[in-house]
file start-v1.txt (compact mmCIF, N, CA, C and O atoms)
# COMPACT_ATOMS: atom_id res chain seq x y z
N MET A 18 13.67 8.77 9.06
CA MET A 18 13.93 7.74 8.08
C MET A 18 13.62 8.28 6.70
O MET A 18 12.57 8.85 6.44
N ASP A 19 14.57 8.13 5.78
CA ASP A 19 14.35 8.53 4.40
C ASP A 19 13.55 7.46 3.70
O ASP A 19 13.66 6.28 3.99
N GLY A 20 12.75 7.87 2.74
CA GLY A 20 11.98 6.90 2.00
C GLY A 20 11.37 7.53 0.78
O GLY A 20 11.46 8.73 0.56
N HIS A 21 10.75 6.70 -0.01
CA HIS A 21 10.14 7.15 -1.25
C HIS A 21 8.85 6.37 -1.44
O HIS A 21 8.83 5.15 -1.31
N ILE A 22 7.77 7.09 -1.74
CA ILE A 22 6.50 6.45 -2.03
C ILE A 22 6.06 6.92 -3.41
O ILE A 22 6.13 8.10 -3.72
N SER A 23 5.60 5.99 -4.22
CA SER A 23 5.11 6.30 -5.55
C SER A 23 3.64 5.91 -5.61
O SER A 23 3.26 4.85 -5.10
N VAL A 24 2.83 6.74 -6.23
CA VAL A 24 1.41 6.45 -6.39
C VAL A 24 1.09 6.46 -7.88
O VAL A 24 1.47 7.38 -8.60
N GLN A 25 0.41 5.41 -8.34
CA GLN A 25 0.04 5.30 -9.75
C GLN A 25 -1.46 5.03 -9.85
O GLN A 25 -2.00 4.24 -9.07
N LEU A 26 -2.13 5.66 -10.81
CA LEU A 26 -3.54 5.43 -11.08
C LEU A 26 -3.67 5.10 -12.55
O LEU A 26 -3.24 5.87 -13.41
N THR A 27 -4.25 3.94 -12.86
CA THR A 27 -4.37 3.52 -14.26
C THR A 27 -5.73 3.92 -14.82
O THR A 27 -6.63 4.32 -14.07
N LYS A 28 -5.88 3.74 -16.12
CA LYS A 28 -7.14 4.09 -16.79
C LYS A 28 -8.32 3.27 -16.27
O LYS A 28 -9.44 3.74 -16.27
N ASN A 29 -8.04 2.03 -15.85
CA ASN A 29 -9.12 1.19 -15.35
C ASN A 29 -9.35 1.37 -13.85
O ASN A 29 -9.92 0.51 -13.19
N ALA A 30 -8.90 2.50 -13.32
CA ALA A 30 -9.11 2.89 -11.92
C ALA A 30 -8.42 1.96 -10.93
O ALA A 30 -8.92 1.73 -9.83
N THR A 31 -7.28 1.42 -11.31
CA THR A 31 -6.47 0.64 -10.38
C THR A 31 -5.47 1.59 -9.74
O THR A 31 -4.74 2.28 -10.43
N LEU A 32 -5.45 1.63 -8.43
CA LEU A 32 -4.55 2.49 -7.68
C LEU A 32 -3.43 1.63 -7.11
O LEU A 32 -3.68 0.62 -6.46
N LYS A 33 -2.17 2.02 -7.38
CA LYS A 33 -1.01 1.32 -6.84
C LYS A 33 -0.21 2.28 -5.98
O LYS A 33 0.07 3.40 -6.39
N ILE A 34 0.15 1.83 -4.79
CA ILE A 34 1.01 2.60 -3.90
C ILE A 34 2.24 1.74 -3.66
O ILE A 34 2.15 0.61 -3.20
N LEU A 35 3.41 2.28 -4.01
CA LEU A 35 4.67 1.54 -3.91
C LEU A 35 5.59 2.25 -2.93
O LEU A 35 5.71 3.47 -2.96
N ASP A 36 6.23 1.48 -2.06
CA ASP A 36 7.22 2.07 -1.15
C ASP A 36 8.49 1.24 -1.16
O ASP A 36 8.53 0.16 -1.73
N ILE A 37 9.52 1.77 -0.55
CA ILE A 37 10.80 1.06 -0.47
C ILE A 37 11.18 0.79 0.98
O ILE A 37 12.33 0.78 1.33
N GLY A 38 10.16 0.57 1.80
CA GLY A 38 10.40 0.29 3.22
C GLY A 38 10.83 -1.15 3.43
O GLY A 38 11.35 -1.81 2.54
N THR A 39 10.59 -1.64 4.63
CA THR A 39 11.01 -3.00 4.99
C THR A 39 10.12 -4.08 4.39
O THR A 39 10.50 -5.24 4.37
N GLY A 40 8.94 -3.72 3.92
CA GLY A 40 8.04 -4.71 3.33
C GLY A 40 7.38 -5.56 4.41
O GLY A 40 7.47 -5.28 5.60
N LEU A 41 6.71 -6.62 3.99
CA LEU A 41 6.02 -7.53 4.89
C LEU A 41 6.39 -8.97 4.54
O LEU A 41 6.56 -9.29 3.36
N SER A 42 6.45 -9.81 5.55
CA SER A 42 6.67 -11.24 5.30
C SER A 42 5.40 -11.82 4.68
O SER A 42 4.32 -11.22 4.74
N GLU A 43 5.52 -13.00 4.08
CA GLU A 43 4.34 -13.66 3.51
C GLU A 43 3.29 -13.91 4.59
O GLU A 43 2.10 -13.76 4.36
N GLU A 44 3.73 -14.28 5.79
CA GLU A 44 2.80 -14.52 6.90
C GLU A 44 2.05 -13.23 7.27
O GLU A 44 0.84 -13.24 7.47
N ASP A 45 2.79 -12.12 7.36
CA ASP A 45 2.16 -10.84 7.69
C ASP A 45 1.16 -10.42 6.62
O ASP A 45 0.10 -9.90 6.92
N LYS A 46 1.49 -10.65 5.35
CA LYS A 46 0.58 -10.27 4.26
C LYS A 46 -0.75 -11.00 4.38
O LYS A 46 -1.78 -10.46 4.02
N LYS A 47 -0.72 -12.24 4.87
CA LYS A 47 -1.95 -13.02 5.03
C LYS A 47 -2.80 -12.52 6.19
O LYS A 47 -4.02 -12.67 6.20
N LYS A 48 -2.16 -11.91 7.20
CA LYS A 48 -2.87 -11.56 8.43
C LYS A 48 -3.07 -10.06 8.65
O LYS A 48 -3.79 -9.66 9.55
N VAL A 49 -2.42 -9.24 7.85
CA VAL A 49 -2.39 -7.80 8.11
C VAL A 49 -3.78 -7.14 8.07
O VAL A 49 -3.99 -6.09 8.67
N PHE A 50 -4.75 -7.79 7.43
CA PHE A 50 -6.11 -7.23 7.39
C PHE A 50 -6.98 -7.73 8.54
O PHE A 50 -8.13 -7.34 8.66
N ASP A 51 -6.44 -8.60 9.40
CA ASP A 51 -7.17 -9.05 10.58
C ASP A 51 -7.16 -7.93 11.62
O ASP A 51 -6.13 -7.28 11.84
N ARG A 52 -8.29 -7.73 12.27
CA ARG A 52 -8.35 -6.69 13.31
C ARG A 52 -7.34 -6.96 14.40
O ARG A 52 -7.18 -8.08 14.85
N PHE A 53 -6.66 -5.92 14.80
CA PHE A 53 -5.69 -5.92 15.90
C PHE A 53 -4.46 -6.80 15.66
O PHE A 53 -3.72 -7.06 16.58
N TYR A 54 -4.25 -7.25 14.42
CA TYR A 54 -3.04 -8.03 14.14
C TYR A 54 -1.83 -7.11 14.28
O TYR A 54 -1.84 -5.97 13.83
N ARG A 55 -0.80 -7.62 14.91
CA ARG A 55 0.43 -6.83 15.10
C ARG A 55 1.61 -7.62 14.58
O ARG A 55 1.93 -8.69 15.09
N ALA A 56 2.24 -7.09 13.55
CA ALA A 56 3.42 -7.74 12.99
C ALA A 56 4.55 -7.70 14.02
O ALA A 56 4.69 -6.73 14.74
N ASP A 57 5.33 -8.74 14.06
CA ASP A 57 6.45 -8.79 15.01
C ASP A 57 7.61 -7.95 14.48
O ASP A 57 8.37 -8.37 13.62
N ARG A 58 7.73 -6.76 14.97
CA ARG A 58 8.80 -5.85 14.56
C ARG A 58 9.49 -5.29 15.80
O ARG A 58 9.82 -4.13 15.86
N SER A 59 9.64 -6.13 16.81
CA SER A 59 10.31 -5.72 18.05
C SER A 59 9.65 -4.49 18.66
O SER A 59 10.30 -3.59 19.16
N GLY A 60 8.32 -4.44 18.58
CA GLY A 60 7.58 -3.35 19.20
C GLY A 60 7.56 -2.07 18.40
O GLY A 60 7.01 -1.07 18.84
N LYS A 61 8.13 -2.06 17.20
CA LYS A 61 8.19 -0.84 16.41
C LYS A 61 6.89 -0.56 15.66
O LYS A 61 6.65 0.57 15.26
N VAL A 62 6.06 -1.58 15.42
CA VAL A 62 4.81 -1.39 14.70
C VAL A 62 3.67 -1.39 15.69
O VAL A 62 3.50 -2.33 16.46
N GLU A 63 2.91 -0.33 15.69
CA GLU A 63 1.77 -0.22 16.61
C GLU A 63 0.57 -1.00 16.06
O GLU A 63 0.36 -1.06 14.87
N SER A 64 -0.20 -1.53 16.96
CA SER A 64 -1.43 -2.20 16.59
C SER A 64 -2.43 -1.15 16.13
O SER A 64 -2.53 -0.08 16.70
N SER A 65 -3.14 -1.44 15.05
CA SER A 65 -4.10 -0.45 14.57
C SER A 65 -5.22 -1.12 13.79
O SER A 65 -5.20 -2.32 13.56
N LEU A 66 -6.17 -0.32 13.39
CA LEU A 66 -7.30 -0.80 12.61
C LEU A 66 -7.28 -0.22 11.20
O LEU A 66 -8.23 -0.41 10.46
N ASP A 67 -6.21 0.48 10.80
CA ASP A 67 -6.17 1.14 9.50
C ASP A 67 -6.52 0.20 8.35
O ASP A 67 -7.39 0.49 7.55
N LEU A 68 -5.78 -0.89 8.23
CA LEU A 68 -5.98 -1.78 7.10
C LEU A 68 -7.30 -2.55 7.16
O LEU A 68 -7.97 -2.68 6.13
N PRO A 69 -7.72 -3.06 8.32
CA PRO A 69 -9.04 -3.71 8.35
C PRO A 69 -10.17 -2.75 7.98
O PRO A 69 -11.09 -3.13 7.24
N ILE A 70 -10.09 -1.51 8.42
CA ILE A 70 -11.12 -0.52 8.07
C ILE A 70 -11.04 -0.20 6.58
O ILE A 70 -12.06 -0.12 5.89
N SER A 71 -9.82 -0.03 6.06
CA SER A 71 -9.64 0.23 4.63
C SER A 71 -10.24 -0.89 3.79
O SER A 71 -10.92 -0.65 2.79
N GLN A 72 -9.99 -2.12 4.21
CA GLN A 72 -10.51 -3.27 3.48
C GLN A 72 -12.03 -3.29 3.51
O GLN A 72 -12.68 -3.59 2.51
N CYS A 73 -12.61 -2.96 4.65
CA CYS A 73 -14.07 -2.92 4.79
C CYS A 73 -14.69 -1.88 3.86
O CYS A 73 -15.67 -2.14 3.17
N ILE A 74 -14.11 -0.69 3.86
CA ILE A 74 -14.61 0.40 3.01
C ILE A 74 -14.44 0.04 1.54
O ILE A 74 -15.36 0.21 0.74
N ALA A 75 -13.28 -0.48 1.19
CA ALA A 75 -13.03 -0.87 -0.20
C ALA A 75 -14.02 -1.93 -0.65
O ALA A 75 -14.63 -1.81 -1.73
N SER A 76 -14.22 -2.94 0.16
CA SER A 76 -15.14 -4.02 -0.16
C SER A 76 -16.57 -3.51 -0.37
O SER A 76 -17.27 -3.95 -1.28
N ALA A 77 -16.98 -2.57 0.46
CA ALA A 77 -18.32 -1.99 0.34
C ALA A 77 -18.51 -1.26 -0.98
O ALA A 77 -19.63 -1.08 -1.45
N HIS A 78 -17.40 -0.85 -1.60
CA HIS A 78 -17.46 -0.13 -2.88
C HIS A 78 -17.01 -0.98 -4.06
O HIS A 78 -16.70 -0.46 -5.13
N GLY A 79 -16.95 -2.30 -3.85
CA GLY A 79 -16.60 -3.21 -4.93
C GLY A 79 -15.13 -3.18 -5.32
O GLY A 79 -14.78 -3.41 -6.47
N VAL A 80 -14.27 -2.90 -4.35
CA VAL A 80 -12.83 -2.82 -4.59
C VAL A 80 -12.15 -3.82 -3.67
O VAL A 80 -12.59 -4.04 -2.55
N TYR A 81 -11.08 -4.45 -4.14
CA TYR A 81 -10.31 -5.31 -3.25
C TYR A 81 -8.87 -4.82 -3.20
O TYR A 81 -8.40 -4.14 -4.10
N ILE A 82 -8.19 -5.16 -2.13
CA ILE A 82 -6.83 -4.70 -1.88
C ILE A 82 -5.89 -5.90 -1.94
O ILE A 82 -6.13 -6.92 -1.31
N GLU A 83 -4.81 -5.75 -2.72
CA GLU A 83 -3.78 -6.79 -2.83
C GLU A 83 -2.47 -6.24 -2.29
O GLU A 83 -2.19 -5.05 -2.41
N LEU A 84 -1.66 -7.11 -1.73
CA LEU A 84 -0.32 -6.74 -1.25
C LEU A 84 0.71 -7.56 -2.01
O LEU A 84 0.58 -8.79 -2.12
N HIS A 85 1.74 -6.89 -2.54
CA HIS A 85 2.79 -7.55 -3.30
C HIS A 85 4.15 -7.03 -2.85
O HIS A 85 4.25 -5.91 -2.34
N ASP A 86 5.19 -7.82 -3.09
CA ASP A 86 6.55 -7.35 -2.82
C ASP A 86 6.95 -6.32 -3.86
O ASP A 86 6.61 -6.46 -5.03
N ASN A 87 7.66 -5.30 -3.42
CA ASN A 87 8.25 -4.31 -4.32
C ASN A 87 9.74 -4.61 -4.35
O ASN A 87 10.42 -4.46 -3.35
N GLN A 88 10.25 -5.08 -5.46
CA GLN A 88 11.66 -5.51 -5.54
C GLN A 88 12.57 -4.32 -5.79
O GLN A 88 12.21 -3.46 -6.57
N PRO A 89 13.70 -4.19 -5.14
CA PRO A 89 14.32 -5.20 -4.30
C PRO A 89 13.78 -5.19 -2.86
O PRO A 89 14.03 -6.12 -2.10
N ARG A 90 13.07 -4.13 -2.44
CA ARG A 90 12.49 -4.15 -1.10
C ARG A 90 11.30 -3.22 -1.06
O ARG A 90 11.15 -2.32 -1.88
N GLY A 91 10.44 -3.46 -0.12
CA GLY A 91 9.27 -2.61 0.04
C GLY A 91 7.98 -3.37 -0.24
O GLY A 91 7.96 -4.59 -0.32
N LEU A 92 6.92 -2.60 -0.40
CA LEU A 92 5.58 -3.16 -0.54
C LEU A 92 4.82 -2.43 -1.63
O LEU A 92 5.00 -1.22 -1.81
N ILE A 93 3.99 -3.15 -2.36
CA ILE A 93 3.07 -2.56 -3.33
C ILE A 93 1.66 -2.88 -2.86
O ILE A 93 1.33 -4.04 -2.62
N VAL A 94 0.86 -1.86 -2.68
CA VAL A 94 -0.54 -2.02 -2.31
C VAL A 94 -1.37 -1.68 -3.54
O VAL A 94 -1.23 -0.59 -4.10
N VAL A 95 -2.20 -2.62 -3.99
CA VAL A 95 -3.00 -2.42 -5.19
C VAL A 95 -4.46 -2.44 -4.80
O VAL A 95 -4.94 -3.37 -4.15
N ASN A 96 -5.18 -1.38 -5.19
CA ASN A 96 -6.62 -1.31 -5.00
C ASN A 96 -7.26 -1.45 -6.38
O ASN A 96 -7.03 -0.62 -7.26
N ARG A 97 -8.04 -2.51 -6.56
CA ARG A 97 -8.58 -2.81 -7.86
C ARG A 97 -10.08 -3.07 -7.77
O ARG A 97 -10.53 -3.78 -6.88
N ALA A 98 -10.84 -2.51 -8.71
CA ALA A 98 -12.28 -2.74 -8.73
C ALA A 98 -12.55 -4.19 -9.09
O ALA A 98 -11.89 -4.77 -9.95
N VAL A 99 -13.54 -4.77 -8.43
CA VAL A 99 -13.95 -6.14 -8.72
C VAL A 99 -14.72 -6.12 -10.03
O VAL A 99 -15.64 -5.33 -10.22
N SER A 100 -14.34 -7.00 -10.96
CA SER A 100 -15.03 -7.08 -12.25
C SER A 100 -16.40 -7.68 -12.06
O SER A 100 -16.59 -8.62 -11.31
N SER A 101 -17.37 -7.11 -12.76
CA SER A 101 -18.73 -7.67 -12.66
C SER A 101 -19.11 -8.40 -13.90
O SER A 101 -18.47 -8.44 -14.87
call {"tool": "encode", "arguments": {"input": "start-v1.txt", "output": "structure tokens"}}
result
Amino acid sequence: MDGHISVQLTKNATLKILDIGTGLSEEDKKKVFDRFYRADRSGKVESSLDLPISQCIASAHGVYIELHDNQPRGLIVVNRAVSS
């Protein structure tokens, strides 16, 4: 599968990862950080702990992870430090 991923790092240490894949539904975005959650993709997406572990590690370091749509298709993952 051909694809393109872009990574951006801003001055305020915000990391953005953008792709042009199939993206996630709004329902999946709400649940994707739950342990063992499996998006319904006709068996094409394997169950994993990647995102729940990433969220745990990020949270321990004062960072939160946001998921946004990348228009016209794909996903944007934003890692942003929590303001104190």
call {"tool": "closest_residue", "arguments": {"input": "start-v1.txt", "among": "A:Ser23, A:Asn29, A:Asn96, A:Ser42", "to": "Gly79 (chain A)", "atoms": "only C-alpha atoms"}}
result
A:Asn96
call {"tool": "residues_near_point", "arguments": {"input": "start-v1.txt", "point": "(11.5, -2.9, 3.8)", "cutoff": "7 Å", "atoms": "only C-alpha atoms", "output": "ChimeraX atom specification"}}
result
/A:37-40,90-91
call {"tool": "write_last_selection", "arguments": {"input": "start-v1.txt", "atoms": "N, CA, C and O atoms", "output": "PDB file, in the coordinates of the input"}}
result
ATOM      1  N   ILE A  37       9.520   1.770  -0.550  1.00  0.00           N
ATOM      2  CA  ILE A  37      10.800   1.060  -0.470  1.00  0.00           C
ATOM      3  C   ILE A  37      11.180   0.790   0.980  1.00  0.00           C
ATOM      4  O   ILE A  37      12.330   0.780   1.330  1.00  0.00           O
ATOM      5  N   GLY A  38      10.160   0.570   1.800  1.00  0.00           N
ATOM      6  CA  GLY A  38      10.400   0.290   3.220  1.00  0.00           C
ATOM      7  C   GLY A  38      10.830  -1.150   3.430  1.00  0.00           C
ATOM      8  O   GLY A  38      11.350  -1.810   2.540  1.00  0.00           O
ATOM      9  N   THR A  39      10.590  -1.640   4.630  1.00  0.00           N
ATOM     10  CA  THR A  39      11.010  -3.000   4.990  1.00  0.00           C
ATOM     11  C   THR A  39      10.120  -4.080   4.390  1.00  0.00           C
ATOM     12  O   THR A  39      10.500  -5.240   4.370  1.00  0.00           O
ATOM     13  N   GLY A  40       8.940  -3.720   3.920  1.00  0.00           N
ATOM     14  CA  GLY A  40       8.040  -4.710   3.330  1.00  0.00           C
ATOM     15  C   GLY A  40       7.380  -5.560   4.410  1.00  0.00           C
ATOM     16  O   GLY A  40       7.470  -5.280   5.600  1.00  0.00           O
ATOM     17  N   ARG A  90      13.070  -4.130  -2.440  1.00  0.00           N
ATOM     18  CA  ARG A  90      12.490  -4.150  -1.100  1.00  0.00           C
ATOM     19  C   ARG A  90      11.300  -3.220  -1.060  1.00  0.00           C
ATOM     20  O   ARG A  90      11.150  -2.320  -1.880  1.00  0.00           O
ATOM     21  N   GLY A  91      10.440  -3.460  -0.120  1.00  0.00           N
ATOM     22  CA  GLY A  91       9.270  -2.610   0.040  1.00  0.00           C
ATOM     23  C   GLY A  91       7.980  -3.370  -0.240  1.00  0.00           C
ATOM     24  O   GLY A  91       7.960  -4.590  -0.320  1.00  0.00           O
TER      25      GLY A  91
END
call {"tool": "atom_distance", "arguments": {"input": "start-v1.txt", "atom1": "CA of Val95 (chain A)", "atom2": "atom C of Glu43 (chain A)"}}
result
16.3 Å
call {"tool": "select_by_dssp", "arguments": {"input": "start-v1.txt", "residues": "chain A", "states": "strand (DSSP E)", "output": "list in words"}}
result
Ile22, Ser23, Val24, Gln25, Leu26, Leu32, Lys33, Ile34, Leu35, Asp36, Val80, Tyr81, Ile82, Glu83, Leu84, His85, Asp86, Leu92, Ile93, Val94, Val95, Asn96, Arg97 and Ala98 of chain A
call {"tool": "residues_around", "arguments": {"input": "start-v1.txt", "residues": "Asp67 (chain A)", "least_positions_apart": "5", "cutoff": "9 Å", "atoms": "only C-alpha atoms", "output": "list in words"}}
result
Phe50, Arg52 and Gln72 of chain A
call {"tool": "residues_around", "arguments": {"input": "start-v1.txt", "residues": "Asp36 (chain A)", "least_positions_apart": "4", "cutoff": "8 Å", "atoms": "all atoms listed in the file", "output": "JSON, numbers by chain"}}
result
{"A": [20, 21, 22, 23, 24, 40, 85, 86, 87, 88, 89, 90, 91, 92, 93, 94]}
call {"tool": "residues_around", "arguments": {"input": "start-v1.txt", "residues": "Val99 (chain A)", "least_positions_apart": "4", "cutoff": "9 Å", "atoms": "only C-alpha atoms", "output": "ChimeraX atom specification"}}
result
/A:76,79-81
call {"tool": "write_last_selection", "arguments": {"input": "start-v1.txt", "atoms": "N, CA, C and O atoms", "output": "mmCIF file, keeping the file's coordinate frame"}}
result
data_model
loop_
_atom_site.group_PDB
_atom_site.id
_atom_site.type_symbol
_atom_site.label_atom_id
_atom_site.label_comp_id
_atom_site.auth_asym_id
_atom_site.auth_seq_id
_atom_site.Cartn_x
_atom_site.Cartn_y
_atom_site.Cartn_z
ATOM 1 N N SER A 76 -14.220 -2.940 0.160
ATOM 2 C CA SER A 76 -15.140 -4.020 -0.160
ATOM 3 C C SER A 76 -16.570 -3.510 -0.370
ATOM 4 O O SER A 76 -17.270 -3.950 -1.280
ATOM 5 N N GLY A 79 -16.950 -2.300 -3.850
ATOM 6 C CA GLY A 79 -16.600 -3.210 -4.930
ATOM 7 C C GLY A 79 -15.130 -3.180 -5.320
ATOM 8 O O GLY A 79 -14.780 -3.410 -6.470
ATOM 9 N N VAL A 80 -14.270 -2.900 -4.350
ATOM 10 C CA VAL A 80 -12.830 -2.820 -4.590
ATOM 11 C C VAL A 80 -12.150 -3.820 -3.670
ATOM 12 O O VAL A 80 -12.590 -4.040 -2.550
ATOM 13 N N TYR A 81 -11.080 -4.450 -4.140
ATOM 14 C CA TYR A 81 -10.310 -5.310 -3.250
ATOM 15 C C TYR A 81 -8.870 -4.820 -3.200
ATOM 16 O O TYR A 81 -8.400 -4.140 -4.100
#
call {"tool": "atom_distance", "arguments": {"input": "start-v1.txt", "atom1": "CA of Glu44 (chain A)", "atom2": "atom C of Cys73 (chain A)"}}
result
21.8 Å
call {"tool": "atom_distance", "arguments": {"input": "start-v1.txt", "atom1": "CA of Lys28 (chain A)", "atom2": "CA of Leu68 (chain A)"}}
result
24.6 Å
call {"tool": "closest_residue", "arguments": {"input": "start-v1.txt", "among": "A:Asp51, A:Arg97, A:Leu84, A:Gln25", "to": "Ile70 (chain A)", "atoms": "all atoms listed in the file"}}
result
A:Asp51
call {"tool": "select_by_dssp", "arguments": {"input": "start-v1.txt", "residues": "region 19-93 of chain A", "states": "helix (DSSP H, G or I)", "output": "MDAnalysis selection string"}}
result
chainID A and resid 43:48 67:77
call {"tool": "closest_residue", "arguments": {"input": "start-v1.txt", "among": "A:Pro69, A:Leu26, A:Ala98, A:Ala77", "to": "Phe53 (chain A)", "atoms": "all atoms listed in the file"}}
result
A:Pro69
